[in-house]
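Peer 1: Here you go, this is coords-v3.pdb (PDB, C-alpha atoms, pLDDT in the B column).
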ATOM      1  CA  MET A   1     -21.035  26.974   3.254  1.00 40.00           C
ATOM      2  CA  LYS A   2     -22.254  23.801   1.572  1.00 50.00           C
ATOM      3  CA  ILE A   3     -20.255  20.687   2.444  1.00 50.00           C
ATOM      4  CA  ALA A   4     -19.656  18.316  -0.457  1.00 65.00           C
ATOM      5  CA  LYS A   5     -20.925  14.779   0.023  1.00 82.00           C
ATOM      6  CA  THR A   6     -18.307  12.048   0.393  1.00 86.00           C
ATOM      7  CA  SER A   7     -18.205   9.860  -2.707  1.00 88.00           C
ATOM      8  CA  LEU A   8     -17.306   6.258  -3.435  1.00 89.00           C
ATOM      9  CA  LEU A   9     -14.758   6.171  -6.233  1.00 93.00           C
ATOM     10  CA  ARG A  10     -14.653   3.558  -8.973  1.00 93.00           C
ATOM     11  CA  ARG A  11     -11.366   1.690  -9.341  1.00 93.00           C
ATOM     12  CA  THR A  12      -9.471   1.537 -12.603  1.00 95.00           C
ATOM     13  CA  GLN A  13      -8.516  -1.971 -13.640  1.00 94.00           C
ATOM     14  CA  PHE A  14      -5.653  -3.637 -15.473  1.00 94.00           C
ATOM     15  CA  GLY A  15      -5.605  -2.497 -19.084  1.00 95.00           C
ATOM     16  CA  ASN A  16      -6.703   1.070 -18.363  1.00 97.00           C
ATOM     17  CA  PRO A  17      -4.061   3.394 -19.927  1.00 97.00           C
ATOM     18  CA  ILE A  18      -3.920   5.653 -16.857  1.00 98.00           C
ATOM     19  CA  LEU A  19      -2.238   2.842 -14.920  1.00 98.00           C
ATOM     20  CA  ARG A  20       0.649   3.009 -17.392  1.00 97.00           C
ATOM     21  CA  THR A  21       0.976   6.799 -17.321  1.00 97.00           C
ATOM     22  CA  LYS A  22       3.289   8.711 -15.003  1.00 98.00           C
ATOM     23  CA  ALA A  23       1.202  10.818 -12.616  1.00 98.00           C
ATOM     24  CA  ARG A  24       1.429  14.606 -12.662  1.00 98.00           C
ATOM     25  CA  GLN A  25       3.139  16.321  -9.734  1.00 98.00           C
ATOM     26  CA  LEU A  26       0.916  18.620  -7.687  1.00 98.00           C
ATOM     27  CA  ALA A  27       1.771  22.234  -6.858  1.00 98.00           C
ATOM     28  CA  LYS A  28       1.444  23.207  -3.189  1.00 97.00           C
ATOM     29  CA  SER A  29      -1.505  25.453  -4.025  1.00 97.00           C
ATOM     30  CA  GLU A  30      -3.280  22.486  -5.634  1.00 97.00           C
ATOM     31  CA  ILE A  31      -2.726  20.278  -2.592  1.00 98.00           C
ATOM     32  CA  LEU A  32      -4.514  22.861  -0.448  1.00 97.00           C
ATOM     33  CA  SER A  33      -7.360  23.307  -2.932  1.00 97.00           C
ATOM     34  CA  PRO A  34     -10.912  22.066  -2.251  1.00 96.00           C
ATOM     35  CA  VAL A  35     -10.640  19.693  -5.236  1.00 96.00           C
ATOM     36  CA  ILE A  36      -7.635  17.778  -3.858  1.00 97.00           C
ATOM     37  CA  LYS A  37      -8.940  17.896  -0.294  1.00 96.00           C
ATOM     38  CA  LYS A  38     -12.145  16.230  -1.460  1.00 96.00           C
ATOM     39  CA  LEU A  39     -10.161  13.697  -3.509  1.00 97.00           C
ATOM     40  CA  ILE A  40      -8.206  12.715  -0.390  1.00 96.00           C
ATOM     41  CA  THR A  41     -11.408  12.405   1.651  1.00 95.00           C
ATOM     42  CA  ASP A  42     -13.068  10.309  -1.048  1.00 95.00           C
ATOM     43  CA  MET A  43     -10.024   8.068  -1.451  1.00 95.00           C
ATOM     44  CA  ARG A  44      -9.905   7.389   2.282  1.00 93.00           C
ATOM     45  CA  TYR A  45     -13.639   6.699   2.372  1.00 92.00           C
ATOM     46  CA  THR A  46     -13.452   4.391  -0.649  1.00 92.00           C
ATOM     47  CA  LEU A  47     -10.507   2.436   0.725  1.00 89.00           C
ATOM     48  CA  ALA A  48     -12.253   1.943   4.076  1.00 86.00           C
ATOM     49  CA  TYR A  49     -15.734   1.209   2.712  1.00 83.00           C
ATOM     50  CA  LYS A  50     -14.648  -1.157  -0.050  1.00 80.00           C
ATOM     51  CA  LYS A  51     -11.952  -2.747   2.131  1.00 78.00           C
ATOM     52  CA  TYR A  52      -9.658  -2.731  -0.877  1.00 75.00           C
ATOM     53  CA  GLY A  53      -6.437  -3.088   1.041  1.00 81.00           C
ATOM     54  CA  VAL A  54      -3.747  -1.029   2.747  1.00 89.00           C
ATOM     55  CA  GLY A  55      -3.007   1.593   0.120  1.00 93.00           C
ATOM     56  CA  LEU A  56      -4.518   3.440  -2.806  1.00 96.00           C
ATOM     57  CA  ALA A  57      -2.878   5.579  -5.495  1.00 97.00           C
ATOM     58  CA  ALA A  58      -4.812   8.247  -7.377  1.00 98.00           C
ATOM     59  CA  PRO A  59      -4.362   6.549 -10.802  1.00 98.00           C
ATOM     60  CA  GLN A  60      -6.194   3.536  -9.369  1.00 97.00           C
ATOM     61  CA  ILE A  61      -9.356   5.612  -9.172  1.00 96.00           C
ATOM     62  CA  GLY A  62      -8.816   7.367 -12.489  1.00 97.00           C
ATOM     63  CA  GLN A  63      -6.928  10.455 -11.330  1.00 97.00           C
ATOM     64  CA  GLY A  64      -3.499  11.022 -12.889  1.00 98.00           C
ATOM     65  CA  VAL A  65      -1.969  12.991 -10.011  1.00 98.00           C
ATOM     66  CA  ALA A  66       0.949  12.045  -7.748  1.00 98.00           C
ATOM     67  CA  LEU A  67      -1.057  11.284  -4.637  1.00 98.00           C
ATOM     68  CA  CYS A  68      -1.509   8.117  -2.607  1.00 98.00           C
ATOM     69  CA  ILE A  69      -2.864   7.163   0.775  1.00 96.00           C
ATOM     70  CA  ILE A  70      -1.706   4.500   3.203  1.00 94.00           C
ATOM     71  CA  GLU A  71      -4.153   2.987   5.713  1.00 90.00           C
ATOM     72  CA  ILE A  72      -2.750  -0.105   7.416  1.00 85.00           C
ATOM     73  CA  LYS A  73      -5.183  -1.579   9.907  1.00 72.00           C
ATOM     74  CA  PRO A  74      -5.601  -5.024  11.462  1.00 61.00           C
ATOM     75  CA  THR A  75      -7.753  -7.368   9.373  1.00 59.00           C
ATOM     76  CA  LYS A  76      -8.680 -11.041   9.398  1.00 57.00           C
ATOM     77  CA  LEU A  77      -5.641 -11.674   7.193  1.00 57.00           C
ATOM     78  CA  ARG A  78      -3.397  -9.459   9.348  1.00 58.00           C
ATOM     79  CA  PRO A  79      -4.913  -9.607  12.856  1.00 57.00           C
ATOM     80  CA  LYS A  80      -1.769  -8.509  14.692  1.00 60.00           C
ATOM     81  CA  LEU A  81       0.225  -5.806  12.981  1.00 58.00           C
ATOM     82  CA  PRO A  82       3.248  -4.043  14.490  1.00 54.00           C
ATOM     83  CA  LYS A  83       2.166  -0.638  15.761  1.00 58.00           C
ATOM     84  CA  SER A  84       3.402   2.296  13.695  1.00 57.00           C
ATOM     85  CA  LYS A  85       2.423   5.950  13.788  1.00 56.00           C
ATOM     86  CA  TRP A  86       3.047   5.980  10.034  1.00 54.00           C
ATOM     87  CA  ALA A  87       0.362   3.368   9.315  1.00 72.00           C
ATOM     88  CA  SER A  88      -1.966   6.196   8.175  1.00 85.00           C
ATOM     89  CA  LEU A  89      -0.407   8.561   5.641  1.00 94.00           C
ATOM     90  CA  ILE A  90      -1.232  11.024   2.907  1.00 96.00           C
ATOM     91  CA  VAL A  91       1.689  11.112   0.473  1.00 98.00           C
ATOM     92  CA  VAL A  92       1.981  13.672  -2.335  1.00 98.00           C
ATOM     93  CA  ASN A  93       4.747  13.874  -4.980  1.00 98.00           C
ATOM     94  CA  PRO A  94       6.752  11.096  -3.272  1.00 98.00           C
ATOM     95  CA  LYS A  95      10.258  10.132  -4.247  1.00 98.00           C
ATOM     96  CA  ILE A  96      12.358   7.301  -2.832  1.00 98.00           C
ATOM     97  CA  VAL A  97      15.718   8.926  -2.111  1.00 98.00           C
ATOM     98  CA  LYS A  98      17.469   6.053  -0.350  1.00 98.00           C
ATOM     99  CA  VAL A  99      17.119   2.294   0.061  1.00 98.00           C
ATOM    100  CA  TYR A 100      18.678   0.043   2.686  1.00 97.00           C
ATOM    101  CA  GLY A 101      19.992  -3.473   2.245  1.00 93.00           C
ATOM    102  CA  ARG A 102      19.078  -6.050  -0.351  1.00 94.00           C
ATOM    103  CA  ARG A 103      15.562  -6.553  -1.650  1.00 96.00           C
ATOM    104  CA  GLN A 104      13.504  -9.464  -0.375  1.00 96.00           C
ATOM    105  CA  GLN A 105      10.738 -11.393  -2.111  1.00 97.00           C
ATOM    106  CA  VAL A 106       7.332 -10.609  -0.567  1.00 96.00           C
ATOM    107  CA  TYR A 107       3.805 -11.441  -1.697  1.00 95.00           C
ATOM    108  CA  GLU A 108       1.650  -8.635  -3.057  1.00 95.00           C
ATOM    109  CA  GLY A 109      -1.739  -8.158  -4.600  1.00 94.00           C
ATOM    110  CA  CYS A 110      -3.405  -5.133  -6.177  1.00 94.00           C
ATOM    111  CA  ILE A 111      -7.002  -3.895  -6.386  1.00 92.00           C
ATOM    112  CA  SER A 112      -6.447  -3.078 -10.051  1.00 93.00           C
ATOM    113  CA  PHE A 113      -5.786  -6.788 -10.703  1.00 88.00           C
ATOM    114  CA  ALA A 114      -8.307  -8.295  -8.290  1.00 80.00           C
ATOM    115  CA  GLU A 115      -7.647 -11.892  -7.281  1.00 86.00           C
ATOM    116  CA  VAL A 116      -3.966 -12.071  -8.325  1.00 93.00           C
ATOM    117  CA  PHE A 117      -0.990 -12.409  -5.954  1.00 95.00           C
ATOM    118  CA  ALA A 118       2.716 -12.963  -6.609  1.00 97.00           C
ATOM    119  CA  LYS A 119       6.149 -12.438  -5.070  1.00 97.00           C
ATOM    120  CA  VAL A 120       7.763  -9.051  -5.668  1.00 97.00           C
ATOM    121  CA  PRO A 121      11.275  -7.892  -4.678  1.00 98.00           C
ATOM    122  CA  ARG A 122      10.999  -5.024  -2.170  1.00 98.00           C
ATOM    123  CA  HIS A 123      13.403  -3.222   0.147  1.00 98.00           C
ATOM    124  CA  LYS A 124      12.678  -3.675   3.876  1.00 96.00           C
ATOM    125  CA  LYS A 125      13.615  -0.058   4.586  1.00 97.00           C
ATOM    126  CA  ILE A 126      13.457   3.073   2.435  1.00 98.00           C
ATOM    127  CA  ARG A 127      13.724   6.839   2.759  1.00 98.00           C
ATOM    128  CA  VAL A 128      10.982   8.878   1.126  1.00 98.00           C
ATOM    129  CA  LYS A 129      10.720  12.596   0.429  1.00 98.00           C
ATOM    130  CA  TYR A 130       7.132  13.773   0.053  1.00 98.00           C
ATOM    131  CA  LEU A 131       4.521  16.424   0.811  1.00 98.00           C
ATOM    132  CA  ASN A 132       1.622  15.806   3.181  1.00 97.00           C
ATOM    133  CA  GLU A 133      -1.979  16.986   2.858  1.00 96.00           C
ATOM    134  CA  LYS A 134      -0.967  20.398   4.255  1.00 97.00           C
ATOM    135  CA  ALA A 135       1.707  20.768   1.553  1.00 98.00           C
ATOM    136  CA  ALA A 136       4.471  20.469   4.155  1.00 98.00           C
ATOM    137  CA  THR A 137       7.685  18.753   3.025  1.00 98.00           C
ATOM    138  CA  HIS A 138       8.835  15.614   4.872  1.00 97.00           C
ATOM    139  CA  GLN A 139      11.709  13.185   4.482  1.00 98.00           C
ATOM    140  CA  LYS A 140      11.474  10.030   6.567  1.00 96.00           C
ATOM    141  CA  ASP A 141      12.679   6.452   6.819  1.00 97.00           C
ATOM    142  CA  PHE A 142      10.026   3.744   6.647  1.00 95.00           C
ATOM    143  CA  LYS A 143      10.412   0.025   7.242  1.00 94.00           C
ATOM    144  CA  GLY A 144       8.450  -3.217   7.218  1.00 92.00           C
ATOM    145  CA  LEU A 145       4.941  -3.292   5.790  1.00 91.00           C
ATOM    146  CA  VAL A 146       4.691   0.510   5.532  1.00 93.00           C
ATOM    147  CA  ALA A 147       7.846   0.556   3.375  1.00 96.00           C
ATOM    148  CA  GLN A 148       6.473  -2.244   1.190  1.00 96.00           C
ATOM    149  CA  VAL A 149       3.133  -0.499   0.649  1.00 96.00           C
ATOM    150  CA  LEU A 150       4.854   2.799  -0.142  1.00 97.00           C
ATOM    151  CA  GLN A 151       7.013   1.128  -2.786  1.00 98.00           C
ATOM    152  CA  HIS A 152       3.912  -0.428  -4.350  1.00 97.00           C
ATOM    153  CA  GLU A 153       1.965   2.854  -4.419  1.00 98.00           C
ATOM    154  CA  ILE A 154       4.912   4.967  -5.632  1.00 98.00           C
ATOM    155  CA  ASP A 155       5.306   2.483  -8.478  1.00 98.00           C
ATOM    156  CA  HIS A 156       1.684   3.212  -9.415  1.00 98.00           C
ATOM    157  CA  LEU A 157       2.489   6.929  -9.620  1.00 98.00           C
ATOM    158  CA  ASN A 158       5.262   6.094 -12.075  1.00 98.00           C
ATOM    159  CA  GLY A 159       3.074   3.915 -14.283  1.00 98.00           C
ATOM    160  CA  ILE A 160       4.611   0.701 -12.935  1.00 98.00           C
ATOM    161  CA  LEU A 161       2.517  -2.294 -11.834  1.00 97.00           C
ATOM    162  CA  PHE A 162       3.603  -4.971  -9.392  1.00 97.00           C
ATOM    163  CA  VAL A 163       3.443  -7.636 -12.098  1.00 96.00           C
ATOM    164  CA  ASP A 164       6.208  -5.780 -13.945  1.00 97.00           C
ATOM    165  CA  LYS A 165       8.578  -6.631 -11.110  1.00 97.00           C
ATOM    166  CA  VAL A 166       7.689 -10.296 -10.594  1.00 97.00           C
ATOM    167  CA  LYS A 167      10.801 -12.448 -11.104  1.00 96.00           C
ATOM    168  CA  ASP A 168       9.422 -15.767  -9.861  1.00 95.00           C
ATOM    169  CA  THR A 169       6.494 -16.339 -12.220  1.00 96.00           C
ATOM    170  CA  SER A 170       5.714 -19.629 -10.454  1.00 96.00           C
ATOM    171  CA  SER A 171       4.610 -17.582  -7.421  1.00 96.00           C
ATOM    172  CA  TYR A 172       1.462 -16.301  -9.190  1.00 96.00           C
ATOM    173  CA  MET A 173      -1.741 -17.440  -7.493  1.00 95.00           C
ATOM    174  CA  THR A 174      -5.353 -16.463  -6.941  1.00 94.00           C
ATOM    175  CA  ALA A 175      -6.490 -14.616  -3.822  1.00 88.00           C
ATOM    176  CA  ALA A 176      -8.269 -17.758  -2.607  1.00 90.00           C
ATOM    177  CA  GLU A 177      -5.125 -19.825  -2.983  1.00 92.00           C
ATOM    178  CA  TYR A 178      -3.070 -17.082  -1.286  1.00 90.00           C
ATOM    179  CA  LYS A 179      -5.372 -17.090   1.732  1.00 86.00           C
ATOM    180  CA  LYS A 180      -5.378 -20.897   1.887  1.00 88.00           C
ATOM    181  CA  ARG A 181      -1.636 -21.466   1.459  1.00 84.00           C
ATOM    182  CA  ILE A 182       0.270 -18.347   2.502  1.00 81.00           C
ATOM    183  CA  VAL A 183      -1.918 -16.695   5.117  1.00 76.00           C
ATOM    184  CA  LYS A 184      -2.875 -20.008   6.738  1.00 70.00           C
ATOM    185  CA  ASN A 185       0.793 -21.036   6.934  1.00 68.00           C
ATOM    186  CA  LYS A 186       1.719 -17.712   8.532  1.00 63.00           C
ATOM    187  CA  LYS A 187      -0.966 -18.140  11.162  1.00 55.00           C
ATOM    188  CA  GLN A 188       0.132 -21.700  11.870  1.00 48.00           C
ATOM    189  CA  SER A 189       3.779 -20.603  12.127  1.00 51.00           C
ATOM    190  CA  THR A 190       2.839 -17.870  14.619  1.00 47.00           C
ATOM    191  CA  LYS A 191       0.770 -20.353  16.630  1.00 48.00           C
ATOM    192  CA  ASN A 192       3.657 -22.833  16.715  1.00 45.00           C
ATOM    193  CA  LYS A 193       6.062 -20.145  17.921  1.00 45.00           C
ATOM    194  CA  LYS A 194       3.707 -19.248  20.765  1.00 43.00           C
ATOM    195  CA  GLN A 195       3.342 -22.889  21.762  1.00 41.00           C
ATOM    196  CA  ASN A 196       7.115 -23.347  21.692  1.00 45.00           C
ATOM    197  CA  THR A 197       7.552 -20.289  23.904  1.00 42.00           C
ATOM    198  CA  ILE A 198       5.017 -21.595  26.414  1.00 45.00           C
ATOM    199  CA  SER A 199       6.706 -25.005  26.462  1.00 42.00           C
ATOM    200  CA  ALA A 200      10.092 -23.385  27.033  1.00 44.00           C
ATOM    201  CA  ASP A 201       8.705 -21.335  29.913  1.00 49.00           C
ATOM    202  CA  ASN A 202       7.181 -24.435  31.519  1.00 46.00           C
ATOM    203  CA  ASP A 203      10.507 -26.252  31.317  1.00 54.00           C
ATOM    204  CA  LYS A 204      12.276 -23.616  33.376  1.00 49.00           C
TER     205      LYS A 204
END
I need this file expressed as structure tokens, please.
Peer 2:
Amino acid sequence: MKIAKTSLLRRTQFGNPILRTKARQLAKSEILSPVIKKLITDMRYTLAYKKYGVGLAAPQIGQGVALCIIEIKPTKLRPKLPKSKWASLIVVNPKIVKVYGRRQQVYEGCISFAEVFAKVPRHKKIRVKYLNEKAATHQKDFKGLVAQVLQHEIDHLNGILFVDKVKDTSSYMTAAEYKKRIVKNKKQSTKNKKQNTISADNDK
């Protein structure tokens, strides 16, 4: 049997109509088909090779189907991430069925916008019903960064972009400015906390 070559997929960018179109739900037989299996493989390969980010929805690479992948790994911007077995996910036909608590403003970017970041209101914890790559049904609670990424990608499947949800328009900034101001401040804050902990231990 001939094995299809893994392909790099081209991203769709802001202004492309597919990003404003609700994705089509996949039947279980489709999920198990060679076409969707290859799409999943190619999406994972593209996300890793291009280092686009932590998630990718099918409409972002020109495919109008309700499928997204989550791949959260440590990077220079996020060197120390909380460990989670759900940091690598294939999510098909997802639906948020429950949210917990009030939404909080968190910074987000998007590969379809390239170089733009802004604050978006997101729930810290959500419950999602979805199918995996084997067409098995799951319903699970997700929190933290995984929950944030899922909300972002599920929005994509509904034709919603993160800029649609920005309330604080003064929070818009370029990727360079985000790295300089936000990421640098986070690193400094973490460093200060460590130093304070060490000082406290030495005082005992």
Peer 1: For the PyMOL selection byres ((chain A and resi 89) around 8), applied here, can you spell out every residue it catches as number ranges by chain?
Peer 2: A: 69-71, 86-88, 90-91, 132
Peer 1: Please determine, counting all atoms listed in the file, which residue among A:Thr174, A:Gln148, A:Gln63, A:Asn158 has the shortest atom-to-atom distance to Gln104 of chain A.
Peer 2: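 The closest residue to Gln104 of chain A is A:Gln148.
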Peer 1: Report the distance between atom CA of Ala23 of chain A and atom CA of Phe117 of chain A in Å, rounded to one decimal place.
Peer 2: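 So the two atoms, atom CA of Ala23 of chain A and atom CA of Phe117 of chain A, lie 24.3 Å apart.
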Peer 1: Which distance in Å separates atom CA of Lys119 of chain A and atom CA of Ile154 of chain A, to one decimal?
Peer 2: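 Answer for the atom CA of Lys119 of chain A to atom CA of Ile154 of chain A separation: 17.5 Å.
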Peer 1: Between atom CA of Val166 of chain A and atom CA of Cys110 of chain A, what is the distance, to one decimal in Å?
Peer 2: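 Computing it gives 13.0 Å between the two atoms.
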